[in-house]
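Enquirer: Next up, work.txt (compact mmCIF, C-alpha atoms and all ligand atoms).
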```
# COMPACT_ATOMS: atom_id res chain seq x y z
CA MET A 1 79.72 130.71 114.15
CA ILE A 2 79.20 131.58 117.83
CA ALA A 3 76.47 128.96 118.06
CA LYS A 4 78.83 126.50 116.44
CA VAL A 5 81.62 127.23 118.93
CA ALA A 6 79.16 126.85 121.80
CA TYR A 7 78.03 123.56 120.32
CA MET A 8 81.61 122.42 119.97
CA LYS A 9 82.28 123.35 123.59
CA ARG A 10 79.26 121.36 124.69
CA MET A 11 80.37 118.42 122.61
CA HIS A 12 83.82 118.83 124.07
CA LEU A 13 82.51 118.69 127.65
CA THR A 14 80.46 115.60 126.88
CA LEU A 15 83.45 114.02 125.24
CA LEU A 16 85.75 114.83 128.14
CA LEU A 17 83.24 113.37 130.54
CA CYS A 18 83.06 110.14 128.56
CA VAL A 19 86.76 110.14 128.12
CA SER A 20 87.57 110.66 131.79
CA LEU A 21 85.53 107.60 132.68
CA ILE A 22 87.41 105.31 130.38
CA VAL A 23 90.96 106.68 130.35
CA ALA A 24 93.24 103.81 129.63
CA CYS A 25 96.81 103.10 128.79
CA ALA A 26 98.26 100.41 126.61
CA THR A 27 101.71 99.08 125.87
CA SER A 28 103.14 99.25 122.37
CA PRO A 29 104.93 96.28 120.73
CA THR A 30 108.28 97.72 121.77
CA GLY A 31 107.15 98.16 125.37
CA ARG A 32 106.36 101.89 125.32
CA ARG A 33 103.35 103.13 127.34
CA GLN A 34 100.66 104.62 125.12
CA LEU A 35 97.71 106.86 126.00
CA MET A 36 94.73 104.87 124.71
CA ILE A 37 91.44 106.67 125.23
CA VAL A 38 90.24 105.61 121.80
CA SER A 39 90.29 101.83 121.65
CA GLU A 40 91.91 100.16 118.69
CA GLU A 41 88.54 98.71 117.76
CA SER A 42 86.85 102.10 117.59
CA SER A 43 89.83 103.63 115.78
CA ILE A 44 89.49 100.89 113.16
CA SER A 45 85.78 101.45 112.59
CA ALA A 46 86.28 105.24 112.51
CA SER A 47 89.11 104.82 110.00
CA LYS A 48 86.96 102.79 107.62
CA GLU A 49 84.58 105.71 107.21
CA ALA A 50 87.39 108.27 107.08
CA TYR A 51 89.27 106.27 104.42
CA VAL A 52 86.33 106.23 102.02
CA GLU A 53 85.71 109.92 102.56
CA MET A 54 89.35 110.92 102.05
CA LEU A 55 89.70 108.93 98.84
CA LYS A 56 86.36 110.09 97.41
CA PRO A 57 87.54 113.33 95.73
CA TYR A 58 90.34 111.43 93.96
CA ALA A 59 88.07 108.54 93.00
CA GLN A 60 85.59 110.97 91.44
CA LYS A 61 88.38 112.30 89.19
CA GLY A 62 89.63 108.82 88.28
CA LYS A 63 92.84 109.39 90.21
CA ILE A 64 92.95 106.16 92.22
CA ASP A 65 95.02 103.18 91.05
CA ASN A 66 94.97 104.50 87.48
CA ASP A 67 98.43 103.25 86.46
CA PRO A 68 98.25 99.44 86.08
CA ALA A 69 102.02 98.89 86.18
CA LEU A 70 102.47 100.97 89.33
CA LYS A 71 99.43 99.32 90.89
CA LYS A 72 100.89 95.86 90.29
CA ARG A 73 104.25 96.90 91.74
CA VAL A 74 102.78 98.50 94.86
CA TYR A 75 100.18 95.78 95.50
CA ASP A 76 102.80 93.07 95.17
CA ILE A 77 105.20 94.70 97.64
CA THR A 78 102.38 95.55 100.05
CA GLY A 79 100.95 92.02 99.85
CA ARG A 80 104.31 90.59 100.90
CA LEU A 81 104.60 93.04 103.79
CA ILE A 82 101.05 92.40 105.01
CA ALA A 83 101.71 88.64 105.07
CA GLN A 84 104.57 89.34 107.50
CA ALA A 85 102.49 91.82 109.51
CA ILE A 86 99.90 89.08 110.05
CA LYS A 87 102.63 86.73 111.27
CA MET A 88 103.74 89.39 113.73
CA ARG A 89 100.18 90.18 114.96
CA PRO A 90 97.94 87.25 113.94
CA GLU A 91 94.65 88.94 114.83
CA THR A 92 95.28 91.45 112.02
CA LYS A 93 94.34 88.78 109.50
CA ASN A 94 90.79 89.95 110.19
CA TRP A 95 91.59 93.52 109.18
CA GLU A 96 90.26 94.75 105.86
CA TRP A 97 93.75 95.64 104.63
CA SER A 98 93.83 98.05 101.73
CA ILE A 99 96.26 100.25 99.81
CA LYS A 100 95.25 102.85 97.24
CA ILE A 101 97.58 104.79 94.98
CA ILE A 102 96.58 108.44 94.65
CA ASP A 103 97.61 110.11 91.40
CA ASP A 104 99.06 113.34 92.77
CA PRO A 105 102.61 113.93 91.47
CA LYS A 106 103.19 116.96 93.71
CA THR A 107 102.58 115.15 96.99
CA VAL A 108 105.45 113.10 98.40
CA ASN A 109 103.51 111.15 100.99
CA ALA A 110 102.11 107.87 102.23
CA TRP A 111 99.98 107.10 105.25
CA ALA A 112 98.25 104.31 107.12
CA MET A 113 95.12 104.46 109.22
CA ALA A 114 94.06 102.06 111.94
CA GLY A 115 93.11 98.65 110.61
CA GLY A 116 95.59 98.77 107.72
CA LYS A 117 93.93 101.34 105.46
CA MET A 118 96.80 102.85 103.49
CA ALA A 119 97.49 105.35 100.75
CA LEU A 120 100.54 106.12 98.63
CA TYR A 121 100.79 109.30 96.54
CA THR A 122 102.42 109.08 93.10
CA GLY A 123 104.59 112.08 94.06
CA LEU A 124 106.58 109.81 96.34
CA VAL A 125 107.30 107.41 93.49
CA ILE A 126 108.02 110.15 90.92
CA GLN A 127 110.15 112.39 93.12
CA ILE A 128 111.96 109.88 95.33
CA LYS A 129 112.37 107.25 92.60
CA PRO A 130 112.54 104.45 95.18
CA THR A 131 113.82 100.99 94.31
CA ASP A 132 111.48 98.14 95.29
CA ASP A 133 113.56 97.67 98.44
CA GLU A 134 113.14 101.35 99.34
CA LEU A 135 109.43 101.38 98.53
CA ALA A 136 109.06 98.34 100.79
CA GLN A 137 110.64 100.38 103.59
CA VAL A 138 108.09 103.19 103.14
CA LEU A 139 105.18 100.76 103.12
CA GLY A 140 106.63 98.62 105.90
CA HIS A 141 107.02 101.75 108.01
CA GLU A 142 103.37 102.68 107.37
CA ILE A 143 102.15 99.17 108.18
CA ALA A 144 104.21 99.36 111.37
CA HIS A 145 102.33 102.51 112.43
CA ALA A 146 99.05 100.60 112.02
CA LEU A 147 100.35 97.48 113.77
CA ALA A 148 101.59 99.53 116.72
CA LYS A 149 98.20 101.31 117.08
CA HIS A 150 99.70 104.72 116.40
CA SER A 151 96.48 106.07 114.85
CA ALA A 152 94.48 105.19 117.94
CA GLU A 153 97.21 106.84 119.99
CA LYS A 154 97.13 110.04 117.89
CA MET A 155 93.33 110.13 118.06
CA SER A 156 93.57 109.65 121.83
CA VAL A 157 96.00 112.52 122.22
CA ALA A 158 93.82 114.80 120.05
CA MET A 159 90.68 113.96 121.93
CA ALA A 160 92.34 114.32 125.32
CA SER A 161 93.30 117.90 124.62
CA SER A 162 90.66 120.62 124.64
CA ILE A 163 92.52 122.48 121.91
CA GLY A 164 92.62 119.29 119.92
CA VAL A 165 88.87 118.80 120.12
CA LEU A 166 88.16 122.39 119.10
CA ALA A 167 90.77 122.15 116.37
CA VAL A 168 89.01 119.12 115.00
CA GLY A 169 85.88 121.23 114.58
CA VAL A 170 87.73 124.10 112.91
CA ALA A 171 89.66 121.80 110.61
CA ALA A 172 86.41 120.08 109.67
CA ASP A 173 85.03 123.40 108.48
CA SER A 174 88.06 124.09 106.33
CA LYS A 175 88.37 120.64 104.82
CA GLY A 176 84.75 120.06 103.92
CA LEU A 177 84.95 116.44 104.97
CA ALA A 178 81.53 114.91 105.60
CA LEU A 179 82.75 113.32 108.80
CA SER A 180 82.29 113.90 112.48
CA GLY A 181 83.55 112.69 115.82
CA ALA A 182 85.94 109.79 115.81
CA SER A 183 85.91 109.39 112.01
CA LEU A 184 86.97 112.99 111.60
CA ALA A 185 89.70 112.50 114.18
CA ALA A 186 90.86 109.45 112.21
CA ALA A 187 91.02 111.46 108.98
CA LEU A 188 92.92 114.30 110.62
CA ALA A 189 95.28 111.93 112.44
CA VAL A 190 97.04 111.05 109.17
CA GLU A 191 97.99 114.71 108.82
CA LYS A 192 99.30 115.06 112.34
CA PRO A 193 102.95 114.33 112.98
CA ASN A 194 103.75 111.11 114.80
CA SER A 195 105.76 111.48 117.96
CA ARG A 196 109.46 110.74 117.64
CA ALA A 197 108.95 107.74 119.91
CA ALA A 198 106.30 106.40 117.52
CA GLU A 199 108.68 107.05 114.62
CA SER A 200 111.47 105.03 116.24
CA GLU A 201 109.01 102.23 116.83
CA ALA A 202 107.76 102.27 113.22
CA ASP A 203 111.36 102.29 111.95
CA ARG A 204 112.20 99.24 114.04
CA ILE A 205 109.08 97.24 113.11
CA GLY A 206 109.08 98.42 109.48
CA ILE A 207 112.63 97.30 108.69
CA GLU A 208 111.85 93.88 110.17
CA LEU A 209 108.64 93.44 108.16
CA ALA A 210 110.51 94.42 105.00
CA ALA A 211 113.47 92.09 105.67
CA LYS A 212 111.13 89.17 106.39
CA ALA A 213 109.25 89.96 103.17
CA GLY A 214 112.56 89.73 101.27
CA TYR A 215 113.59 93.39 101.00
CA ASP A 216 117.11 94.65 101.65
CA PRO A 217 117.29 96.31 105.09
CA ARG A 218 120.04 98.66 103.89
CA ALA A 219 117.38 100.35 101.76
CA ALA A 220 115.87 101.84 104.92
CA ILE A 221 118.94 104.06 105.20
CA THR A 222 119.07 105.12 101.55
CA LEU A 223 115.32 105.80 101.55
CA TRP A 224 115.58 108.44 104.30
CA GLN A 225 118.65 109.93 102.61
CA LYS A 226 116.70 110.29 99.36
CA MET A 227 113.72 111.71 101.25
CA ALA A 228 115.90 114.41 102.82
CA LYS A 229 117.27 115.43 99.42
CA VAL A 230 113.92 116.07 97.73
CA GLY A 231 113.68 119.80 97.13
CA GLY A 232 110.93 121.98 95.74
CA LYS A 233 108.61 123.93 97.99
CA GLY A 234 109.76 122.86 101.42
CA PRO A 235 110.33 119.33 102.66
CA PRO A 236 108.08 116.48 101.50
CA GLN A 237 104.81 116.12 103.39
CA PHE A 238 106.02 112.68 104.44
CA LEU A 239 108.80 114.27 106.51
CA SER A 240 106.39 116.59 108.32
CA THR A 241 104.17 113.72 109.46
CA HIS A 242 107.14 111.42 110.10
CA PRO A 243 109.57 113.61 112.08
CA SER A 244 113.11 112.33 112.35
CA PRO A 245 113.81 110.57 115.64
CA ALA A 246 117.27 111.07 117.12
CA ASN A 247 119.98 109.26 115.14
CA ARG A 248 117.50 107.70 112.70
CA GLU A 249 120.10 106.60 110.16
CA LYS A 250 122.52 105.36 112.83
CA LYS A 251 119.82 103.28 114.50
CA LEU A 252 118.62 101.83 111.21
CA ALA A 253 122.22 100.91 110.36
CA GLU A 254 122.47 99.14 113.73
CA TYR A 255 119.43 97.01 112.87
CA VAL A 256 120.90 95.82 109.57
CA PRO A 257 123.03 92.90 110.88
CA GLU A 258 120.04 91.51 112.82
CA MET A 259 117.76 91.86 109.78
CA THR A 260 120.13 90.46 107.14
CA PRO A 261 119.44 86.76 107.91
CA TYR A 262 115.69 87.38 107.42
CA TYR A 263 116.43 89.11 104.14
CA GLU A 264 118.77 86.38 102.89
CA GLN A 265 116.48 83.50 103.85
CA LYS A 266 115.82 81.19 100.90
CA GLY A 267 112.43 79.90 99.84
CA ASP A 268 109.06 81.37 98.97
CA ARG A 269 107.66 84.32 100.85
CA PRO A 270 103.94 84.43 101.53
CA VAL A 271 101.85 87.11 99.80
CA TYR A 272 98.57 88.49 101.15
CA LYS A 273 96.02 88.86 98.34
CA LEU A 274 94.91 92.48 98.08
ZN ZN A 301 106.37 107.31 110.50
```
Written as structure tokens, how would this file's structure read?
Ligand SMILES: [Zn+2]

Expert:
Amino acid sequence: MIAKVAYMKRMHLTLLLCVSLIVACATSPTGRRQLMIVSEESSISASKEAYVEMLKPYAQKGKIDNDPALKKRVYDITGRLIAQAIKMRPETKNWEWSIKIIDDPKTVNAWAMAGGKMALYTGLVIQIKPTDDELAQVLGHEIAHALAKHSAEKMSVAMASSIGVLAVGVAADSKGLALSGASLAAALAVEKPNSRAAESEADRIGIELAAKAGYDPRAAITLWQKMAKVGGKGPPQFLSTHPSPANREKKLAEYVPEMTPYYEQKGDRPVYKL
């Protein structure tokens, strides 16, 4: 254990050295300054590995995409949202977009990694009972996190803090994930809360993606109301990783008039083939 801590410290020093040479900032789609030590490109490649590793235990038990009706529903909604995401950030057409449904009725959660690697837990569907419009808000919000590079930002913040780097090592021990370095940081990032600023940004982008994909923007408000009402053992995991920004419902309600014309637009909506 001592040797391991020493090793982690050494790794940490090396990492800090690398990091200090390439410290960079970026600007988010809504104009917010972001700490960006981990480039989006490296966060995407790290996430690919982390995604496979995180889904593996469920895949081995046949708990991925095992309900054909739910799969069709979720893939259809997500495909419509991704088509809009690509319109918003055209270079993301090269991402290997993916959503997997994890059969875990107790977990009310959904997440997105860099590069559009997403997961939805059946607990969210069973316990929240979202309409299609509300489910589109959840998925649109997740896609927004990926579009706005929030995973790279979270990985950057973790790697910039000495506690964060050591914590990554400790958490790795407890989780038994066969990952290291950036891939491990990518896996752990989905369990770390977003900042409230990132949440506001994902709310704003998510409601727009959903409206443009043909989903009622008013569902963004009812979704969060339903989320807050889910009881059981503490609040849903989704609420701990997506903390409520100030006046969430009020702000979402303010977006509705601007989003309604997108939602009411006639004609076919494009669908990305998943
Ligand atoms: Zn969020």

Enquirer: Restrict the calculation to only C-alpha atoms and all ligand atoms, then for each residue of chain A with any atom at most 10 Å from an atom of ligand ZN 301 (chain A) give the closest atom pair and their distance in Å to one decimal, rows by chain and rising residue number, as a tab-separated table.

Expert:
```
residue	atom	partner	partner_atom	distance
A:Ala110	CA	A:ZN301	ZN	9.3
A:Trp111	CA	A:ZN301	ZN	8.3
A:Ala112	CA	A:ZN301	ZN	9.3
A:Val138	CA	A:ZN301	ZN	8.6
A:Leu139	CA	A:ZN301	ZN	9.9
A:Gly140	CA	A:ZN301	ZN	9.8
A:His141	CA	A:ZN301	ZN	6.1
A:Glu142	CA	A:ZN301	ZN	6.3
A:Ile143	CA	A:ZN301	ZN	9.5
A:Ala144	CA	A:ZN301	ZN	8.3
A:His145	CA	A:ZN301	ZN	6.6
A:His150	CA	A:ZN301	ZN	9.3
A:Pro193	CA	A:ZN301	ZN	8.2
A:Asn194	CA	A:ZN301	ZN	6.3
A:Ser195	CA	A:ZN301	ZN	8.6
A:Arg196	CA	A:ZN301	ZN	8.5
A:Ala197	CA	A:ZN301	ZN	9.8
A:Ala198	CA	A:ZN301	ZN	7.1
A:Glu199	CA	A:ZN301	ZN	4.7
A:Ser200	CA	A:ZN301	ZN	8.0
A:Glu201	CA	A:ZN301	ZN	8.5
A:Ala202	CA	A:ZN301	ZN	5.9
A:Asp203	CA	A:ZN301	ZN	7.2
A:Gly206	CA	A:ZN301	ZN	9.3
A:Phe238	CA	A:ZN301	ZN	8.1
A:Leu239	CA	A:ZN301	ZN	8.4
A:Ser240	CA	A:ZN301	ZN	9.5
A:Thr241	CA	A:ZN301	ZN	6.9
A:His242	CA	A:ZN301	ZN	4.2
A:Pro243	CA	A:ZN301	ZN	7.2
A:Ser244	CA	A:ZN301	ZN	8.6
A:Pro245	CA	A:ZN301	ZN	9.6
```

Enquirer: Which residue, A:Met113, A:Ala119, A:Ala210, A:Leu35, has the smallest gap to Ser183 of chain A when you use only C-alpha atoms?

Expert: A:Met113

Enquirer: With distances taken over all atoms listed in the file, which of A:Glu49, A:Trp95, A:Asn109, A:Lys154 is nearest to Ile128 of chain A?

Expert: A:Asn109

Enquirer: When you count all atoms listed in the file, which of these residues is closest to Lys87 of chain A: A:Gln225, A:Ile44, A:Leu147, A:Gly267?

Expert: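 That would be A:Leu147, the residue with the smallest distance to Lys87 of chain A.
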
Enquirer: Between A:Lys129, A:Arg204, A:Lys212, A:Arg269, which residue has the minimum interatomic distance to Lys229 of chain A, considering all atoms listed in the file?

Expert: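 Comparing A:Lys129, A:Arg204, A:Lys212, A:Arg269 against Lys229 of chain A, the winner is A:Lys129.
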
Enquirer: Could you jot down the atom CA of Asp103 of chain A to atom CA of Tyr215 of chain A separation for me, Å, one decimal place?

Expert: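 Those two atoms sit 25.0 Å apart.
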
Enquirer: So the first atom is atom CA of Leu135 of chain A and the second is atom CA of Glu91 of chain A; what is the distance between them in Å, to one decimal place?

Expert: 25.3 Å

Enquirer: In terms of the shortest atom-to-atom distance over only C-alpha atoms, which of A:Val125, A:Glu40, A:Arg32, A:Asp104 is closest to Ala59 of chain A?

Expert: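 Using only C-alpha atoms, the shortest distance to Ala59 of chain A belongs to A:Asp104.
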